[in-house]
Every structure is written in structure tokens, then in C-alpha cells.
Amino acid sequence: MIHFKNVSKFYPPDIVGLDAVNLRIEHGEFVSIVGQSGTGKSTLAKLLFAEERPSKGVVEIGGWDITKIRASDVPLLRRQIGVVFQDFKLLPKKTVYENIAFALQVAGIPSVRVREVVPRVLSIVGLDDKAHRFPQQLSGGEQQRVAIGRALVHQPKILVADEPTGNLDTLNSRDILELLKKINEFGTTVVLVTHDREIVNRLKRRVITLEGGKIVSDVEEGRYRL
Amino acid sequence: MMLTSTYRIIKFAFQNFWRNIWLSIITVSMLVLTLLTVNILLVVNRVTDQTIAFVENRIEVSVYFNEKTEQVKINDALTYFRTLPEVKDVQEISADEAFAIFKTRHANDADILNSLEELGKNPFGPTLIIKAHQAKDFDAIITALDHPRFRDDIRQRNFSDYQSIVSKIRKTTSEIRTGGMILSGIFFLIALLIIFNTVRVAIFIHREEIGIMRLVGASSNFIRAPFLVETIILSVFSILIVIAIMYPALALIEPKFSQYFGPGTTGLVSYFEQNGLLIFGTQFLALLIVTMGSTALAMRKHLKV
């Protein structure tokens, strides 16, 4: 599903984001990428949805080499990869419903289909009753649910969550983790970038640890060991 | 899907327009000022052409012959002037006609009528009224009046320096036109800078939304198109406002010109009515090309998608 072949990423003047990373993630896996700040976790995530291009090596998603992906193909890739961030990235002047519908609208999906999909997604993320609230009227955990809902509308094969619990308390973090597990059970590959020890340890899934841009450990049913 | 996207692009463009209403008003104002200057130049052109035509229609020399000049000589002069290529028309007024015209013109002036009574005879000789084609033909006619065949029979010549009048009109018009062009150039430049800045500000205001659009898979065209559509909206509003100002303004000023040139001579309203589609259509197209160019430039510089 996801294949990193000897991938390196350098930033000028001499910063190493990733250093010769080889990695394979299969369809339906739930993988946590852990490591301290500046170890290349977010760089790895950005390479997945073509926000960054590798300096060396090849990145393949479902057999599609996205190393030198054309700008016009990036939107197609992003409709197949849902992305969630620590800061939610919601539009404050749009309601929960509108924020989720927005992802479909900008992709040119007909309104009839939007009206079908959005309530279903709202139900998955447990926000049916808050569809018409604005982001500032929601808790952090609820806002992250909206962001996850928006990431799900295109029924992506991969969901990349970059520090999704970074701004949340323990209770909300657990809720989000449960939601991600539920999404994974539906068959979506989940790549979770985090430095939240408790979350990783609760998951008991594959853990890849990065240090200095290199993979220092890759363990099935791993724990946070840094 | 295409139709849905087009509808949404237009919707987003209108949202941008209303959410930055003050910026939109300033931009439209500058575009309106620019277009108005261009249209004022058009009006000046039209009025100048009509003024010159009006003056040229009245280019004539009145040649007064001595009262005892024989009719043969008058006929000779008449034939001679009619053969000149610079002459459009020659009209003869006999001594009796000239006397009658003079009396009619001064019918209310008792002093003049009394003087004529005392004189006891017709003091007027025959008159030729010579009309030229253009102001520049005037010199040739004046020279022709010095022809030895009838030079000594001419008592008086009455003419104005039409060429100098026409030159003055042309000079003034040319100055107005240059000033107008400079002014419209300045307005145009300001309008372009404002549009560039409007788009830049809109991109800045919507940077979060643009980032999210990119994140969720919106195509570059879908992100860029609302900015271009917004430019079209700004241009449409500007041209409509200009049309709404121009026609009443023309209807208001046309009677003032008619006082000088006679009713319907400048034909400003009918000129704009007959050529409105061409005039405003061309202005709209030119405006659109330039404003969209400015928008494209602003997007290229500030909108990285």
C-alpha cells in the first residue's frame, strides 16, 4: 500500500528531515510513527500526501509513484488520502455540516451526493446532533472529530493523522483514538504520527520509531520506548 | 459535475465580493473613474468633430462690389469663383436685395432708417457670398479676390480668420485629449494596482480556506477560478455604473451644446445610443483583459497552489 524506498529529505542549508528511510505499510494496517520533535515524523507524513517531495528515493502509494507527482494530480491523490492535523484546520465561519460538506463541494461532487454523504459521516464521528454548530461552539475533541469526518468524506484508502491528540486532554484523546480504530476496522489504513506515549501504548499496534530522520525500530504490537 | 463546479466557483466569487465589500467598492470606483475619463474623451472627440464641421459649414467670404459695378463684371466674377476647386458655392445678392435685407435687419433702428432716407438712394452694391469647402481653402479664395479683372471693383471684403479658429479648436482639443489620456492612464494604473492589491488581500484573507481547499483535494483551477470570476463581477459592475452615469449625463449636457450649434447638431445621445454596444462592449472587453491579467499576476505571485 505505502512503500518508501530509500527516501531522504533535506532542507537547506544542511538540515536532514529523513535519511534513507525504507518502509512498507500494508493495506488495513494501523501504524504509529513516533519520535521526539524534529526527528522527521511530520516530514514523513507530508511526503504521504505530497505536501513535500523527497530529495532522494521513491514514495509509492498503492503502486502509484508519487515522487515526482504532477501538480495537477495532487488533488486526485489527496482525495484518496484523508489528513488530520493537531490544529484541526476547520473553517471558523462554516458550521460542522458545512465544514464537512466543503471537502466534497471543492471536489465538484453534486449537491445530492453531498446531502447523502455528510449525514452518514456525521453519524460515524458522532456529531449528528451538532451539525449546525460552529467550530468555536465545540470542544477540542469535537473539533477534531469534525476534522476526521472531513477527512473521511472521500472514503480514503489511507488516513494520515499528524498529532491528532496534540491539543486534547486525555479523555478526548482516548475518544479520538477509539474513532481512529473504528475507521481502521472499516478497512482504512491509518498512519498516526504522535509523540503521545499513552496513546501508543494503549493501541498495541505496529510502532515505527524515528530518530534523527532514520528508522531506529519497527515493531509489530510495539510500545513507546523513547 | 462541471455545472456544479461552475455554480460553486461563481458562488465563492460572490462571497469574496461581499465579504470584502469596501475593497470591492474602492476597486469599482477606480474602474468607473477610468472608464468615465475614457468616455469623456470620446465626448470631447465627438463635440470637436461637430464643432469643426459647424465652423467649416460657415466658412464664407462676403465680397461687396462698388454700387456702380456692371452686371457683366459681377457675372464674370461669379463664373470665375465657381471654377475654383476650393469654392463650394457662390451666391449673388443684388444691390436691391442687399438694400432690402439691410432694411429688414434694422427695421427697429429708427436712426439707421432715417439716415437711409436722407441718403435718398441705395448705397449698396451687389454682393457675392463665397463658401469654401474647408478652412484651409480660405487662403486661396482670399488670393483669388486680388485678381486684376475685378480687384478694383471690390469695395469691401468681409471674412473671419476661420483657419485660425479651426486651429484653435484643434489645439484646445488636442490639449484636452492629451490631458484626458494622461488622466485616464493614471486612473487605469491606480485601478490595476488596486485590483492587484484586492486579489492579494483576498488571498491573504482566504489563506486558511485556500490551504484547506488544497488539503481536501480541490484542483488548482477550482481555487484560482473564484478570483478571476470576482474580477469579472467587478468589471461588470463598473461598466454598468458607467452606462448608468453616461446616458443621463449626455441627455443633460446635449441641450447646452444645442444652444451653440443648433438643435440635434452634436447628436451625443443618439451617437451613444447607436454605437453603445460597440463603445461599451469594447471598453468592457479591454477592462476584462487588463483586470484579469492583473489578477493572474497577483495569483502567480501570491497564490501558491
# chains A, B, ... in the order shown; residues from 1 in each chain; ligands from 1
$ residues_around --residues "region 64-78 of chain B" --least-positions-apart "3" --cutoff "6 Å" --atoms "only C-alpha atoms" --output "VMD selection string"
chain B and resid 81 124 to 127 153 to 156
$ interface_residues --of "chain A" --to "chain B" --cutoff "9 Å" --atoms "only C-alpha atoms" --output "number ranges by chain"
A: 49, 51, 71-83, 89-91, 102-111, 150-151, 154
$ residues_around --residues "Gly222 (chain A)" --least-positions-apart "5" --cutoff "9 Å" --atoms "only C-alpha atoms" --output "tab-separated table (two decimals) with C-alpha atoms, in the first residue's frame"
chain	number	residue	atom	x	y	z
A	200	VAL	CA	0.71	4.44	21.53
A	201	ASN	CA	0.80	2.07	24.46
A	203	LEU	CA	-3.09	0.88	20.80
A	204	LYS	CA	-0.87	-2.19	20.85
A	205	ARG	CA	-0.30	-1.93	17.10
A	206	ARG	CA	2.73	-1.51	14.88
A	207	VAL	CA	5.07	1.25	16.03
A	208	ILE	CA	7.83	2.79	13.90
$ residues_around --residues "Ala20 (chain A)" --least-positions-apart "3" --cutoff "9 Å" --atoms "only C-alpha atoms" --output "list in words"
Lys5, Asn6, Val7, Ser8, Lys9, Lys56, Gly57, Gly213, Lys214 and Ile215 of chain A
$ write_last_selection --atoms "N, CA, C and O atoms" --output "PDB file, in the first residue's frame"
ATOM      1  N   LYS A   5      11.047   3.872  -0.562  1.00  0.00           N
ATOM      2  CA  LYS A   5      12.271   3.188  -0.974  1.00  0.00           C
ATOM      3  C   LYS A   5      13.442   4.149  -0.843  1.00  0.00           C
ATOM      4  O   LYS A   5      13.591   5.065  -1.647  1.00  0.00           O
ATOM      5  N   ASN A   6      14.236   3.950   0.219  1.00  0.00           N
ATOM      6  CA  ASN A   6      15.458   4.724   0.423  1.00  0.00           C
ATOM      7  C   ASN A   6      15.191   6.232   0.353  1.00  0.00           C
ATOM      8  O   ASN A   6      15.896   6.975  -0.322  1.00  0.00           O
ATOM      9  N   VAL A   7      14.160   6.676   1.055  1.00  0.00           N
ATOM     10  CA  VAL A   7      13.717   8.077   0.938  1.00  0.00           C
ATOM     11  C   VAL A   7      14.482   8.995   1.896  1.00  0.00           C
ATOM     12  O   VAL A   7      14.591   8.725   3.089  1.00  0.00           O
ATOM     13  N   SER A   8      15.010  10.072   1.313  1.00  0.00           N
ATOM     14  CA  SER A   8      15.675  11.100   2.127  1.00  0.00           C
ATOM     15  C   SER A   8      15.038  12.447   1.812  1.00  0.00           C
ATOM     16  O   SER A   8      14.567  12.678   0.693  1.00  0.00           O
ATOM     17  N   LYS A   9      15.033  13.298   2.821  1.00  0.00           N
ATOM     18  CA  LYS A   9      14.549  14.663   2.610  1.00  0.00           C
ATOM     19  C   LYS A   9      15.493  15.623   3.313  1.00  0.00           C
ATOM     20  O   LYS A   9      15.729  15.509   4.519  1.00  0.00           O
ATOM     21  N   LYS A  56      15.572  12.426  -2.259  1.00  0.00           N
ATOM     22  CA  LYS A  56      16.091  11.186  -2.844  1.00  0.00           C
ATOM     23  C   LYS A  56      15.095  10.071  -2.598  1.00  0.00           C
ATOM     24  O   LYS A  56      14.305  10.132  -1.656  1.00  0.00           O
ATOM     25  N   GLY A  57      15.187   9.016  -3.379  1.00  0.00           N
ATOM     26  CA  GLY A  57      14.345   7.841  -3.152  1.00  0.00           C
ATOM     27  C   GLY A  57      12.985   7.936  -3.829  1.00  0.00           C
ATOM     28  O   GLY A  57      12.690   8.902  -4.543  1.00  0.00           O
ATOM     29  N   GLY A 213      15.894  11.361  11.746  1.00  0.00           N
ATOM     30  CA  GLY A 213      15.479  11.129  10.359  1.00  0.00           C
ATOM     31  C   GLY A 213      15.599   9.685   9.911  1.00  0.00           C
ATOM     32  O   GLY A 213      15.304   9.363   8.756  1.00  0.00           O
ATOM     33  N   LYS A 214      16.041   8.814  10.813  1.00  0.00           N
ATOM     34  CA  LYS A 214      16.198   7.386  10.452  1.00  0.00           C
ATOM     35  C   LYS A 214      15.216   6.540  11.262  1.00  0.00           C
ATOM     36  O   LYS A 214      14.858   6.907  12.379  1.00  0.00           O
ATOM     37  N   ILE A 215      14.839   5.387  10.695  1.00  0.00           N
ATOM     38  CA  ILE A 215      14.008   4.451  11.449  1.00  0.00           C
ATOM     39  C   ILE A 215      14.931   3.655  12.376  1.00  0.00           C
ATOM     40  O   ILE A 215      15.858   2.987  11.907  1.00  0.00           O
TER      41      ILE A 215
END
$ residues_around --residues "Gly166 (chain A)" --least-positions-apart "3" --cutoff "10 Å" --atoms "only C-alpha atoms" --output "number ranges by chain"
A: 85-87, 162-163, 169, 173, 194-196
$ select_by_dssp --residues "region 43-95 of chain B" --states "helix (DSSP H, G or I)" --output "number ranges by chain"
B: 43-57, 71-83, 95
$ residues_around --residues "region 29-41 of chain A" --least-positions-apart "3" --cutoff "10 Å" --atoms "only C-alpha atoms" --output "PyMOL selection string"
chain A and resi 1+9+16-19+25-26+44-46+158-163+180-181+183-185+187-197+199-200+203-226
